[in-house]
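upload-v3.cif follows (mmCIF, C-alpha atoms and all ligand atoms):
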data_entry
loop_
_atom_site.label_atom_id
_atom_site.label_comp_id
_atom_site.auth_asym_id
_atom_site.auth_seq_id
_atom_site.Cartn_x
_atom_site.Cartn_y
_atom_site.Cartn_z
CA MET I 1 200.32 99.06 110.21
CA ARG I 2 199.02 101.79 107.90
CA THR I 3 196.40 101.50 105.17
CA GLN I 4 194.11 103.84 103.25
CA ILE I 5 190.78 102.26 104.26
CA CYS I 6 190.26 100.02 107.29
CA ILE I 7 187.14 97.91 106.66
CA ILE I 8 185.48 96.43 109.74
CA GLY I 9 183.51 93.29 108.82
CA GLY I 10 184.18 90.65 106.17
CA GLY I 11 180.56 90.02 105.13
CA PRO I 12 179.29 90.88 101.65
CA SER I 13 179.47 94.69 102.18
CA GLY I 14 183.06 94.70 103.42
CA LEU I 15 184.30 92.21 100.83
CA LEU I 16 182.58 93.92 97.89
CA LEU I 17 183.84 97.36 98.97
CA GLY I 18 187.37 95.97 99.40
CA GLN I 19 187.38 94.41 95.93
CA LEU I 20 185.99 97.50 94.17
CA LEU I 21 188.57 99.72 95.92
CA HIS I 22 191.36 97.30 95.06
CA ARG I 23 190.44 97.66 91.37
CA GLN I 24 190.92 101.44 91.79
CA GLY I 25 194.36 100.94 93.35
CA ILE I 26 193.12 101.87 96.85
CA GLU I 27 194.55 99.80 99.74
CA THR I 28 192.31 98.20 102.33
CA VAL I 29 192.62 95.93 105.37
CA ILE I 30 189.56 93.90 106.40
CA LEU I 31 189.03 92.93 110.05
CA GLU I 32 186.57 90.05 110.51
CA ARG I 33 185.52 88.81 113.94
CA LYS I 34 184.67 85.26 112.82
CA THR I 35 186.38 82.60 110.69
CA LYS I 36 185.84 82.38 106.94
CA ASP I 37 183.95 79.06 107.35
CA TYR I 38 181.62 80.65 109.86
CA VAL I 39 180.76 83.51 107.49
CA LEU I 40 180.24 81.05 104.62
CA GLY I 41 178.00 78.87 106.80
CA ARG I 42 175.36 81.60 107.16
CA ILE I 43 172.47 80.96 104.77
CA ARG I 44 170.94 84.31 103.93
CA ALA I 45 169.96 86.25 100.83
CA GLY I 46 169.09 84.59 97.55
CA ILE I 47 167.98 87.36 95.20
CA LEU I 48 170.29 89.90 93.55
CA GLU I 49 169.04 93.10 91.93
CA ARG I 50 170.56 94.23 88.64
CA GLY I 51 172.62 96.88 90.52
CA THR I 52 174.20 94.20 92.73
CA VAL I 53 174.91 92.09 89.65
CA ARG I 54 176.53 95.10 87.96
CA LEU I 55 178.74 95.79 90.99
CA MET I 56 179.88 92.15 91.15
CA ARG I 57 180.94 92.41 87.50
CA GLU I 58 182.61 95.78 88.12
CA ALA I 59 184.53 94.16 90.99
CA GLY I 60 185.76 91.51 88.52
CA VAL I 61 183.96 88.68 90.32
CA GLY I 62 180.95 88.18 88.07
CA ALA I 63 182.08 85.18 85.99
CA ARG I 64 180.71 82.32 88.12
CA MET I 65 177.58 84.34 88.97
CA ASP I 66 176.91 84.94 85.25
CA ARG I 67 177.36 81.22 84.54
CA GLU I 68 175.41 79.76 87.43
CA CYS I 69 172.71 82.28 88.36
CA PHE I 70 169.06 81.90 87.40
CA VAL I 71 167.27 84.83 85.80
CA HIS I 72 163.80 85.54 87.21
CA ASP I 73 161.52 87.68 85.05
CA GLY I 74 158.66 87.71 87.52
CA THR I 75 157.26 86.42 90.79
CA VAL I 76 154.06 84.80 91.99
CA ILE I 77 151.97 86.37 94.75
CA SER I 78 149.32 84.23 96.36
CA TYR I 79 146.68 84.95 98.97
CA GLY I 80 144.76 81.91 100.18
CA ASP I 81 144.07 79.89 97.05
CA GLU I 82 144.20 82.88 94.69
CA GLU I 83 147.38 83.63 92.83
CA PHE I 84 148.72 86.03 90.23
CA ARG I 85 152.04 86.79 88.63
CA ILE I 86 153.93 90.06 88.49
CA ASP I 87 155.99 90.32 85.35
CA PHE I 88 159.20 92.29 86.05
CA THR I 89 160.32 92.39 82.43
CA GLU I 90 156.98 93.68 81.14
CA HIS I 91 156.94 96.51 83.69
CA THR I 92 160.62 97.42 83.91
CA GLY I 93 162.49 95.74 81.03
CA SER I 94 164.68 94.15 83.71
CA HIS I 95 164.84 91.14 86.05
CA VAL I 96 166.50 89.81 89.21
CA VAL I 97 168.76 86.79 89.55
CA VAL I 98 168.89 83.92 92.02
CA TYR I 99 172.46 83.61 93.33
CA GLY I 100 172.99 82.90 97.01
CA GLN I 101 174.75 85.30 99.33
CA THR I 102 176.96 82.33 100.30
CA GLU I 103 178.15 81.99 96.70
CA MET I 104 178.66 85.72 96.29
CA THR I 105 180.71 85.84 99.50
CA ARG I 106 182.76 82.83 98.43
CA ASP I 107 183.59 84.51 95.07
CA LEU I 108 184.64 87.69 96.88
CA TYR I 109 186.87 85.79 99.36
CA GLU I 110 188.56 83.97 96.49
CA ALA I 111 189.17 87.21 94.59
CA ARG I 112 190.64 88.88 97.68
CA GLU I 113 192.90 85.92 98.38
CA ALA I 114 194.01 85.83 94.71
CA VAL I 115 195.24 89.44 94.85
CA GLY I 116 196.80 88.94 98.30
CA ALA I 117 194.85 91.79 99.93
CA PRO I 118 194.94 91.52 103.74
CA ILE I 119 192.04 90.10 105.74
CA VAL I 120 192.40 89.34 109.44
CA TYR I 121 190.02 86.64 110.69
CA GLU I 122 189.13 86.21 114.36
CA ALA I 123 190.00 89.85 115.07
CA GLU I 124 188.73 90.44 118.62
CA GLY I 125 187.93 93.66 120.46
CA VAL I 126 187.90 95.83 117.32
CA THR I 127 187.77 99.47 118.52
CA ILE I 128 187.50 102.69 116.52
CA HIS I 129 189.53 105.69 117.74
CA GLY I 130 189.46 109.34 116.69
CA ALA I 131 187.00 108.92 113.80
CA ASP I 132 186.17 112.64 114.09
CA THR I 133 189.85 113.67 114.04
CA ASP I 134 192.69 113.53 111.50
CA ALA I 135 194.28 110.66 113.43
CA ALA I 136 191.65 107.96 112.88
CA HIS I 137 192.81 104.47 113.80
CA VAL I 138 191.47 101.06 114.71
CA THR I 139 192.84 98.61 117.28
CA TYR I 140 192.11 94.90 117.59
CA VAL I 141 193.44 91.83 119.36
CA LYS I 142 194.62 88.74 117.51
CA ASN I 143 196.00 85.70 119.38
CA GLY I 144 196.27 87.77 122.56
CA THR I 145 198.33 90.60 120.97
CA GLU I 146 196.96 94.09 120.35
CA HIS I 147 197.47 95.60 116.89
CA ARG I 148 196.87 99.12 115.56
CA ILE I 149 195.87 100.19 112.05
CA ASP I 150 196.26 103.87 111.10
CA CYS I 151 194.09 104.84 108.14
CA ASP I 152 192.54 107.66 106.13
CA PHE I 153 188.99 106.34 106.53
CA ILE I 154 187.08 103.56 108.32
CA ALA I 155 184.27 101.63 106.63
CA GLY I 156 181.88 100.15 109.20
CA CYS I 157 180.62 97.02 107.40
CA ASP I 158 180.15 94.94 110.55
CA GLY I 159 176.43 94.21 110.38
CA PHE I 160 173.67 94.99 112.84
CA HIS I 161 175.52 93.68 115.92
CA GLY I 162 178.87 95.31 115.07
CA VAL I 163 180.79 98.05 116.89
CA SER I 164 180.94 100.72 114.17
CA ARG I 165 177.49 102.22 114.63
CA GLN I 166 178.05 102.40 118.42
CA ALA I 167 181.17 104.52 117.81
CA ILE I 168 178.95 107.41 116.65
CA PRO I 169 177.98 109.46 119.74
CA LEU I 170 174.32 109.27 120.74
CA SER I 171 174.15 113.08 120.54
CA THR I 172 174.74 112.76 116.76
CA ARG I 173 173.02 109.45 116.03
CA LYS I 174 169.28 109.02 115.60
CA GLU I 175 167.81 105.53 115.29
CA TYR I 176 164.43 104.51 113.89
CA GLU I 177 163.15 101.02 114.60
CA LYS I 178 160.15 98.75 114.20
CA ILE I 179 160.15 95.21 115.60
CA TYR I 180 157.61 92.83 114.06
CA PRO I 181 155.73 90.42 116.33
CA PHE I 182 156.83 87.31 114.37
CA GLY I 183 159.86 85.67 112.78
CA TRP I 184 160.69 83.55 109.72
CA LEU I 185 161.53 79.88 110.06
CA GLY I 186 163.70 79.00 107.05
CA VAL I 187 164.78 75.61 105.73
CA LEU I 188 167.10 74.49 102.99
CA SER I 189 166.42 71.13 101.34
CA GLU I 190 167.99 69.16 98.51
CA THR I 191 164.76 68.95 96.55
CA PRO I 192 163.65 70.59 93.28
CA PRO I 193 161.91 73.95 93.87
CA VAL I 194 158.11 73.71 93.85
CA HIS I 195 157.85 76.36 91.11
CA GLU I 196 160.23 77.98 88.63
CA GLU I 197 159.65 81.42 90.18
CA LEU I 198 159.38 82.54 93.81
CA ILE I 199 155.97 82.32 95.48
CA TYR I 200 155.23 84.96 98.15
CA ALA I 201 152.18 83.60 99.94
CA GLY I 202 149.77 85.23 102.36
CA SER I 203 147.25 82.99 104.11
CA GLU I 204 145.00 82.81 107.15
CA ARG I 205 147.73 80.78 108.85
CA GLY I 206 150.45 83.31 108.08
CA PHE I 207 153.07 84.05 105.45
CA ALA I 208 155.14 81.54 103.44
CA LEU I 209 157.83 81.95 100.80
CA CYS I 210 158.98 79.36 98.28
CA SER I 211 162.46 80.23 97.05
CA MET I 212 165.44 78.34 95.73
CA ARG I 213 169.18 78.26 95.21
CA ASN I 214 169.37 75.92 92.19
CA ALA I 215 167.51 73.15 90.34
CA ASN I 216 167.96 70.76 93.26
CA LEU I 217 168.20 73.09 96.23
CA SER I 218 165.09 74.75 97.63
CA ARG I 219 164.77 77.46 100.25
CA TYR I 220 161.42 77.76 102.02
CA TYR I 221 160.27 80.05 104.80
CA ILE I 222 157.17 80.23 106.99
CA GLN I 223 156.14 82.99 109.37
CA CYS I 224 156.45 81.68 112.95
CA ALA I 225 156.05 82.92 116.51
CA LEU I 226 159.03 84.73 118.01
CA SER I 227 158.95 82.27 120.89
CA ASP I 228 159.43 79.26 118.54
CA SER I 229 162.80 77.57 118.25
CA PRO I 230 163.92 75.48 115.24
CA ALA I 231 163.93 72.38 117.46
CA ASP I 232 160.16 72.81 117.94
CA TRP I 233 159.67 72.17 114.23
CA THR I 234 160.17 68.64 112.92
CA ASP I 235 160.64 68.41 109.16
CA ALA I 236 157.19 66.82 108.84
CA ALA I 237 155.56 69.68 110.76
CA PHE I 238 157.35 72.25 108.61
CA TRP I 239 156.24 70.67 105.31
CA GLN I 240 152.69 70.26 106.54
CA GLU I 241 152.47 73.91 107.58
CA LEU I 242 154.03 75.15 104.33
CA ARG I 243 151.47 73.12 102.32
CA ARG I 244 148.63 74.73 104.24
CA ARG I 245 149.79 78.25 103.37
CA ILE I 246 150.34 77.96 99.59
CA PRO I 247 147.73 77.40 96.85
CA GLU I 248 146.56 73.80 96.55
CA GLU I 249 148.08 73.26 93.12
CA HIS I 250 151.57 74.04 94.50
CA ALA I 251 150.96 72.19 97.77
CA GLU I 252 150.25 69.07 95.72
CA ALA I 253 153.36 69.55 93.57
CA LEU I 254 155.69 70.19 96.54
CA ILE I 255 158.49 67.64 96.78
CA THR I 256 159.71 67.30 100.34
CA GLY I 257 162.84 65.73 101.79
CA PRO I 258 165.15 66.02 104.77
CA THR I 259 166.07 69.62 105.61
CA ILE I 260 169.79 70.45 105.67
CA GLU I 261 169.45 73.74 107.54
CA LYS I 262 166.75 75.15 109.77
CA SER I 263 166.88 78.53 111.47
CA ILE I 264 164.67 81.34 112.73
CA ALA I 265 165.25 85.02 111.93
CA PRO I 266 163.39 87.82 113.73
CA LEU I 267 161.94 90.59 111.52
CA ARG I 268 163.02 94.18 112.05
CA SER I 269 163.02 97.53 110.26
CA PHE I 270 165.86 99.78 111.44
CA VAL I 271 167.69 102.87 110.16
CA THR I 272 170.41 104.94 111.78
CA GLU I 273 171.12 108.52 110.68
CA PRO I 274 173.59 109.86 109.66
CA MET I 275 175.63 107.13 107.97
CA ARG I 276 178.85 109.16 108.26
CA TRP I 277 180.66 110.54 111.29
CA GLY I 278 183.95 112.23 110.47
CA ARG I 279 186.16 109.57 108.88
CA LEU I 280 183.76 106.71 109.68
CA PHE I 281 181.23 105.56 107.06
CA LEU I 282 178.56 102.94 107.82
CA CYS I 283 177.57 100.47 105.12
CA GLY I 284 174.90 97.75 104.89
CA ASP I 285 173.34 96.07 107.93
CA ALA I 286 175.54 98.18 110.23
CA ALA I 287 173.31 101.13 109.33
CA HIS I 288 169.95 99.60 108.40
CA ILE I 289 167.88 96.42 108.52
CA VAL I 290 164.78 95.47 106.57
CA PRO I 291 162.45 92.52 107.03
CA PRO I 292 163.40 89.98 104.32
CA THR I 293 160.05 90.22 102.48
CA GLY I 294 161.10 91.89 99.21
CA ALA I 295 164.74 90.72 99.31
CA LYS I 296 166.21 94.17 99.92
CA GLY I 297 168.84 93.67 102.69
CA LEU I 298 171.88 92.57 100.73
CA ASN I 299 170.86 94.70 97.77
CA THR I 300 170.65 97.86 99.87
CA ALA I 301 174.06 97.01 101.34
CA ALA I 302 175.34 96.85 97.75
CA SER I 303 173.96 100.30 96.87
CA ASP I 304 175.70 101.77 99.95
CA VAL I 305 178.91 100.14 98.75
CA HIS I 306 178.41 101.78 95.36
CA TYR I 307 178.03 105.28 96.86
CA LEU I 308 180.96 104.80 99.24
CA TYR I 309 183.31 103.31 96.70
CA THR I 310 182.65 106.07 94.17
CA GLY I 311 183.03 108.71 96.92
CA LEU I 312 186.36 107.27 98.08
CA THR I 313 187.63 106.91 94.51
CA GLN I 314 186.77 110.58 93.81
CA HIS I 315 188.42 111.63 97.09
CA TYR I 316 191.77 110.21 95.96
CA GLN I 317 191.32 112.13 92.69
CA GLY I 318 190.88 115.37 94.66
CA ASP I 319 187.08 115.67 94.76
CA ASP I 320 185.21 115.28 98.10
CA GLU I 321 181.66 115.80 96.84
CA GLY I 322 180.86 112.06 96.85
CA LEU I 323 182.04 111.56 100.44
CA ASP I 324 180.33 114.72 101.65
CA ARG I 325 177.02 113.57 100.17
CA TYR I 326 177.44 109.84 100.98
CA SER I 327 175.05 109.75 103.94
CA GLU I 328 172.34 111.78 102.21
CA ARG I 329 172.50 109.75 98.97
CA ALA I 330 172.62 106.36 100.66
CA LEU I 331 169.78 107.21 103.07
CA SER I 332 167.55 108.49 100.31
CA ARG I 333 167.63 105.05 98.68
CA VAL I 334 167.61 103.17 102.01
CA TRP I 335 164.32 104.75 103.14
CA LYS I 336 162.60 103.71 99.91
CA ALA I 337 163.78 100.11 100.38
CA GLU I 338 162.55 100.31 104.00
CA ARG I 339 159.13 101.46 102.82
CA PHE I 340 158.86 98.69 100.23
CA SER I 341 159.94 95.92 102.64
CA TRP I 342 157.57 97.18 105.34
CA TRP I 343 154.69 97.40 102.86
CA MET I 344 155.28 93.93 101.43
CA THR I 345 155.55 92.49 104.96
CA ASN I 346 152.21 94.08 105.91
CA LEU I 347 150.61 92.87 102.69
CA LEU I 348 151.22 89.19 103.36
CA HIS I 349 151.79 88.51 107.07
CA ARG I 350 149.24 87.72 109.75
CA TYR I 351 149.74 89.92 112.81
CA PRO I 352 148.60 88.64 116.20
CA HIS I 353 145.42 90.51 117.19
CA MET I 354 144.63 91.66 113.64
CA SER I 355 141.08 93.00 113.66
CA GLU I 356 138.50 92.04 111.04
CA PHE I 357 138.96 95.53 109.66
CA ASP I 358 142.74 95.03 109.37
CA ILE I 359 142.14 91.79 107.45
CA LYS I 360 139.71 93.53 105.08
CA MET I 361 142.36 96.22 104.43
CA GLN I 362 144.94 93.55 103.63
CA GLN I 363 142.52 91.74 101.29
CA ALA I 364 141.74 95.02 99.52
CA ASP I 365 145.45 95.79 99.14
CA VAL I 366 146.02 92.36 97.53
CA ALA I 367 142.91 92.69 95.33
CA PHE I 368 144.07 96.09 94.07
CA LEU I 369 147.52 94.73 93.28
CA LYS I 370 146.00 91.77 91.45
CA SER I 371 143.79 93.93 89.24
CA ASN I 372 145.85 97.07 88.70
CA THR I 373 148.79 97.07 86.32
CA GLN I 374 150.18 100.34 87.71
CA ALA I 375 150.28 98.84 91.21
CA GLN I 376 152.08 95.81 89.73
CA SER I 377 154.51 98.15 88.01
CA VAL I 378 155.28 99.86 91.35
CA LEU I 379 156.01 96.48 92.94
CA ALA I 380 158.14 95.40 89.95
CA GLN I 381 160.22 98.63 89.99
CA ASN I 382 160.93 98.27 93.69
CA TYR I 383 161.63 94.54 93.47
CA ILE I 384 164.17 94.73 90.66
CA GLY I 385 165.77 97.65 92.54
CA LEU I 386 165.49 101.43 92.32
CA PRO I 387 168.17 102.92 90.06
CA TYR I 388 171.53 104.16 91.36
P1 LIG M 401 176.70 90.98 107.51
O1 LIG M 401 176.41 89.95 106.48
O2 LIG M 401 176.04 90.86 108.83
O3 LIG M 401 178.29 90.98 107.71
C1 LIG M 401 178.90 91.70 108.75
C2 LIG M 401 180.23 91.04 109.06
O4 LIG M 401 180.88 91.76 110.12
C3 LIG M 401 181.39 90.86 111.06
N1 LIG M 401 181.47 91.55 112.36
C4 LIG M 401 182.62 92.04 112.88
N2 LIG M 401 183.87 92.01 112.42
C5 LIG M 401 184.82 92.60 113.19
N3 LIG M 401 184.57 93.19 114.39
C6 LIG M 401 183.31 93.23 114.89
N4 LIG M 401 183.05 93.79 116.06
C7 LIG M 401 182.27 92.64 114.11
N5 LIG M 401 180.94 92.50 114.29
C8 LIG M 401 180.47 91.85 113.23
C9 LIG M 401 180.39 89.69 111.07
O5 LIG M 401 180.98 88.50 111.55
C10 LIG M 401 180.04 89.61 109.59
O6 LIG M 401 180.89 88.74 108.88
O7 LIG M 401 176.40 92.47 106.98
P2 LIG M 401 176.59 93.08 105.49
O8 LIG M 401 177.94 92.71 104.94
O9 LIG M 401 176.18 94.49 105.59
O10 LIG M 401 175.54 92.27 104.58
C11 LIG M 401 174.16 92.40 104.79
C12 LIG M 401 173.44 91.11 104.38
O11 LIG M 401 174.07 90.00 104.99
C13 LIG M 401 171.95 91.14 104.76
O12 LIG M 401 171.39 92.41 104.49
C14 LIG M 401 171.12 90.08 104.01
O13 LIG M 401 171.53 88.79 104.34
C15 LIG M 401 169.63 90.25 104.30
N6 LIG M 401 168.82 89.21 103.64
C16 LIG M 401 168.48 89.31 102.32
N7 LIG M 401 168.92 90.35 101.58
C17 LIG M 401 168.63 90.42 100.24
O14 LIG M 401 169.05 91.41 99.59
N8 LIG M 401 167.92 89.44 99.59
C18 LIG M 401 167.44 88.36 100.26
O15 LIG M 401 166.87 87.48 99.61
C19 LIG M 401 167.68 88.28 101.68
N9 LIG M 401 167.25 87.24 102.38
C20 LIG M 401 168.35 88.12 104.38
C21 LIG M 401 167.55 87.13 103.72
C22 LIG M 401 168.66 87.96 105.74
C23 LIG M 401 168.17 86.88 106.43
N10 LIG M 401 168.54 86.79 107.81
C24 LIG M 401 168.98 85.60 108.43
C25 LIG M 401 168.73 87.98 108.59
C26 LIG M 401 167.06 86.06 104.40
C27 LIG M 401 167.34 85.93 105.76
C28 LIG M 401 166.74 84.74 106.47
C1 LIG M 402 165.87 83.58 99.81
O1 LIG M 402 165.92 82.87 98.80
O2 LIG M 402 166.54 83.32 100.83
C2 LIG M 402 164.97 84.75 99.84
C3 LIG M 402 164.34 85.15 98.66
C4 LIG M 402 163.49 86.24 98.68
C5 LIG M 402 163.25 86.91 99.86
C6 LIG M 402 163.90 86.54 101.04
C7 LIG M 402 164.76 85.45 101.02
O3 LIG M 402 162.39 87.97 99.87
#

Could the structure of this file be written out as C-alpha cells, please?
Amino acid sequence: MRTQICIIGGGPSGLLLGQLLHRQGIETVILERKTKDYVLGRIRAGILERGTVRLMREAGVGARMDRECFVHDGTVISYGDEEFRIDFTEHTGSHVVVYGQTEMTRDLYEAREAVGAPIVYEAEGVTIHGADTDAAHVTYVKNGTEHRIDCDFIAGCDGFHGVSRQAIPLSTRKEYEKIYPFGWLGVLSETPPVHEELIYAGSERGFALCSMRNANLSRYYIQCALSDSPADWTDAAFWQELRRRIPEEHAEALITGPTIEKSIAPLRSFVTEPMRWGRLFLCGDAAHIVPPTGAKGLNTAASDVHYLYTGLTQHYQGDDEGLDRYSERALSRVWKAERFSWWMTNLLHRYPHMSEFDIKMQQADVAFLKSNTQAQSVLAQNYIGLPY
C-alpha cells in the first residue's frame, strides 16, 4: 500500500493530525496497536486550551465540543485552609474548556470513519524503515500477515511507550528526564463536582485536585506513593484523604459516591530532541511528557500537530520551510510547557524528605502568587496556553 503520510498511533495526536490533513486533501493511514474500545477506555485529560479548541473546529469536529463543553474563566488554588482564585479572563481575555480527552477522541474516530479514511487497529510489530532515506516505509503485522506501507513521511504519534522515538539513532537523539518521587491516584465518580471551577490544592498531606467532566461526573486526584496500587485504596479511604487535603468549606460540601474508575499515574517530565529525523516527525507524548499539574500534555500534543500539519500542507504546495523548522518551533513551545508543569508541580506537591527550608520556599511561592497580580497573570497566560 502507498500513502502520503503514515501515522503511527491512533490517540488524540494521530487522529487530530489525520483529520486536519484530510481536510487539506492529504492522504493518511493510521496504525493503532490497540482496539478502538481500549483507546476510548483510557480516562486522561480534561482541560482544553483555546488552541486545542481552535484545532478541533478547524478539523471540522468541534460541533459536539462547542455544545457540551464547560467554559472555565478561572481556577482555585488552595494551600492548607487558605484559598484564592486566578481569573483567566481578567488576565488574558481568554479561558479554557472542560471536555474530556475520551470525548475528543470519540469525535475524531467518528469523523475519520465518516470520511472512510483508513485506520488499522491491532497493528502489531510496527517498524519504521529508511526514515533518513527517500524510501521511507513502515511494516506491521495484522492477523499474522505482514503488510508494508510506502509513504512520503511518517508521523510518530505513538505516545511515550511507542516505537517511533526509538527509531531515531542514539547518536542523534538527546533525552532529558525528571522522574518525580510520587504519583497521582485518580478517581471518576458519578457525583456533582465539589466546586464549579477546578481546585488545585497543596497541603501538608500532599497534593489534591478537584476536577470534573460534567454536572454529574467528577474527576478527583490525590498525590500518592509510587509504591501504592489502586487496590490499596478503598473508596472510603480515598474520600477521607481528599477531604483532608482541601479547604474545610469544600471538604464539607464534597458529595461522595461509588467510584467508577480508579488508577495511578506516575509523574514524569521528559523531552527528546530533535523531534524530526529525516522523514520521521515525532508528535505529542512520543516526544515529550509533562506531569499533569497544569493540564499541558494533550494541549502540547495539539500544538505539535498544528506545526506539523501546517508544515506538511506547505510542503505539498512546494514550500519546505515549515517542515525544516518543525522541530525547532515545536520544541520552543514544549520547553515552556515543561517549565510551567514542573513549576506548578513543585508549588503544590509534598516531596518525601522536604526540609523545613524547602517548605518555607513553597509557602513563600504560594504567598507571592496569592498577593501579586503579575504572578497570577503569568500563571493565567501559561494555563490558557501560550500562543501558536
Ligand atoms: P497517546 O494518548 O498515548 O496515544 C498514543 C497512541 O499510540 C498507540 N501506540 C501504538 N500504535 C501502533 N504501534 C505502536 N508501537 C504503538 N505504541 C503505542 C497507543 O495505543 C495510543 O493509542 O499519545 P498522544 O496521542 O500524543 O496524546 C497525548 C495525551 O494522551 C496526553 O498528553 C494527555 O493524556 C496527558 N494528560 C493531560 N493532558 C492535558 O492536556 N490536560 C489534562 O488535563 C491532562 N490530564 C493527562 C491527564 C494524562 C494522565 N495520565 C494517565 C498520563 C491526566 C492523567 C491522569
Ligand atoms: C482532569 O480533569 O483530568 C485534569 C484536569 C486538570 C489537570 C489534570 C487533569 O491539571

- Which is closest to I:Ser303 among I:Asp107, I:Asp285, I:Asp365, I:Asp37, if we use only C-alpha atoms?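 So, comparing all the options, the nearest one is I:Asp285.
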
- Note on the structure: From the list I:Phe88, I:Trp343, I:Tyr220, I:Trp239, the nearest residue to I:Glu49 using all atoms listed in the file is I:Phe88

- Query: Residues at most 6 Å from ligand LIG 401 (chain M), using all atoms listed in the file? Could they come as number ranges by chain?
  - Reply: I: 8-14, 31-34, 39, 44-47, 126, 157-159, 161-163, 265, 284-286, 292, 295-299, 301

- Query: Closest to ligand LIG 402 (chain M) among I:Arg243, I:Arg213, I:Lys336, I:Arg85, using all atoms listed in the file?
  - Reply: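 Under the stated criterion, the closest residue is I:Arg213.
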
- Pick from I:Leu48, I:Ile179, I:Ala123, I:Ala135: nearest to ligand LIG 402 (chain M), with only C-alpha atoms and all ligand atoms counted? I:Leu48

Subset file as a short mmCIF file (atom, residue, chain, number, x, y, z; two decimals), in the first residue's frame: stretch 97-117 of chain I, N, CA and C atoms:
data_model
loop_
_atom_site.label_atom_id
_atom_site.label_comp_id
_atom_site.auth_asym_id
_atom_site.auth_seq_id
_atom_site.Cartn_x
_atom_site.Cartn_y
_atom_site.Cartn_z
N VAL I 97 -11.55 25.18 28.38
CA VAL I 97 -12.83 24.46 28.47
C VAL I 97 -12.60 23.06 29.05
N VAL I 98 -13.65 22.57 29.73
CA VAL I 98 -13.64 21.20 30.21
C VAL I 98 -14.31 20.35 29.13
N TYR I 99 -13.56 19.45 28.54
CA TYR I 99 -14.09 18.49 27.56
C TYR I 99 -13.10 17.33 27.58
N GLY I 100 -13.57 16.16 27.97
CA GLY I 100 -12.65 15.05 28.21
C GLY I 100 -11.93 14.57 26.95
N GLN I 101 -10.71 14.10 27.18
CA GLN I 101 -9.94 13.51 26.07
C GLN I 101 -10.71 12.36 25.43
N THR I 102 -11.46 11.61 26.26
CA THR I 102 -12.25 10.49 25.75
C THR I 102 -13.27 11.00 24.72
N GLU I 103 -13.91 12.12 25.04
CA GLU I 103 -14.93 12.67 24.12
C GLU I 103 -14.28 13.20 22.85
N MET I 104 -13.15 13.88 23.02
CA MET I 104 -12.43 14.42 21.87
C MET I 104 -12.01 13.27 20.94
N THR I 105 -11.50 12.20 21.52
CA THR I 105 -11.04 11.05 20.73
C THR I 105 -12.23 10.40 20.02
N ARG I 106 -13.34 10.29 20.74
CA ARG I 106 -14.54 9.69 20.13
C ARG I 106 -14.98 10.51 18.91
N ASP I 107 -15.00 11.84 19.04
CA ASP I 107 -15.41 12.72 17.92
C ASP I 107 -14.47 12.53 16.73
N LEU I 108 -13.18 12.39 17.02
CA LEU I 108 -12.20 12.24 15.93
C LEU I 108 -12.33 10.88 15.25
N TYR I 109 -12.59 9.82 16.03
CA TYR I 109 -12.83 8.49 15.42
C TYR I 109 -14.03 8.55 14.50
N GLU I 110 -15.12 9.17 15.00
CA GLU I 110 -16.35 9.22 14.20
C GLU I 110 -16.12 9.96 12.90
N ALA I 111 -15.38 11.08 12.98
CA ALA I 111 -15.12 11.88 11.77
C ALA I 111 -14.29 11.07 10.78
N ARG I 112 -13.30 10.34 11.29
CA ARG I 112 -12.45 9.55 10.39
C ARG I 112 -13.26 8.43 9.72
N GLU I 113 -14.10 7.79 10.53
CA GLU I 113 -14.94 6.72 9.96
C GLU I 113 -15.90 7.29 8.93
N ALA I 114 -16.45 8.48 9.19
CA ALA I 114 -17.43 9.09 8.27
C ALA I 114 -16.82 9.39 6.91
N VAL I 115 -15.53 9.74 6.87
CA VAL I 115 -14.92 10.05 5.57
C VAL I 115 -14.22 8.81 4.99
N GLY I 116 -14.27 7.70 5.71
CA GLY I 116 -13.72 6.44 5.19
C GLY I 116 -12.20 6.43 5.10
N ALA I 117 -11.53 7.25 5.92
CA ALA I 117 -10.06 7.25 5.89
C ALA I 117 -9.55 6.02 6.66
#
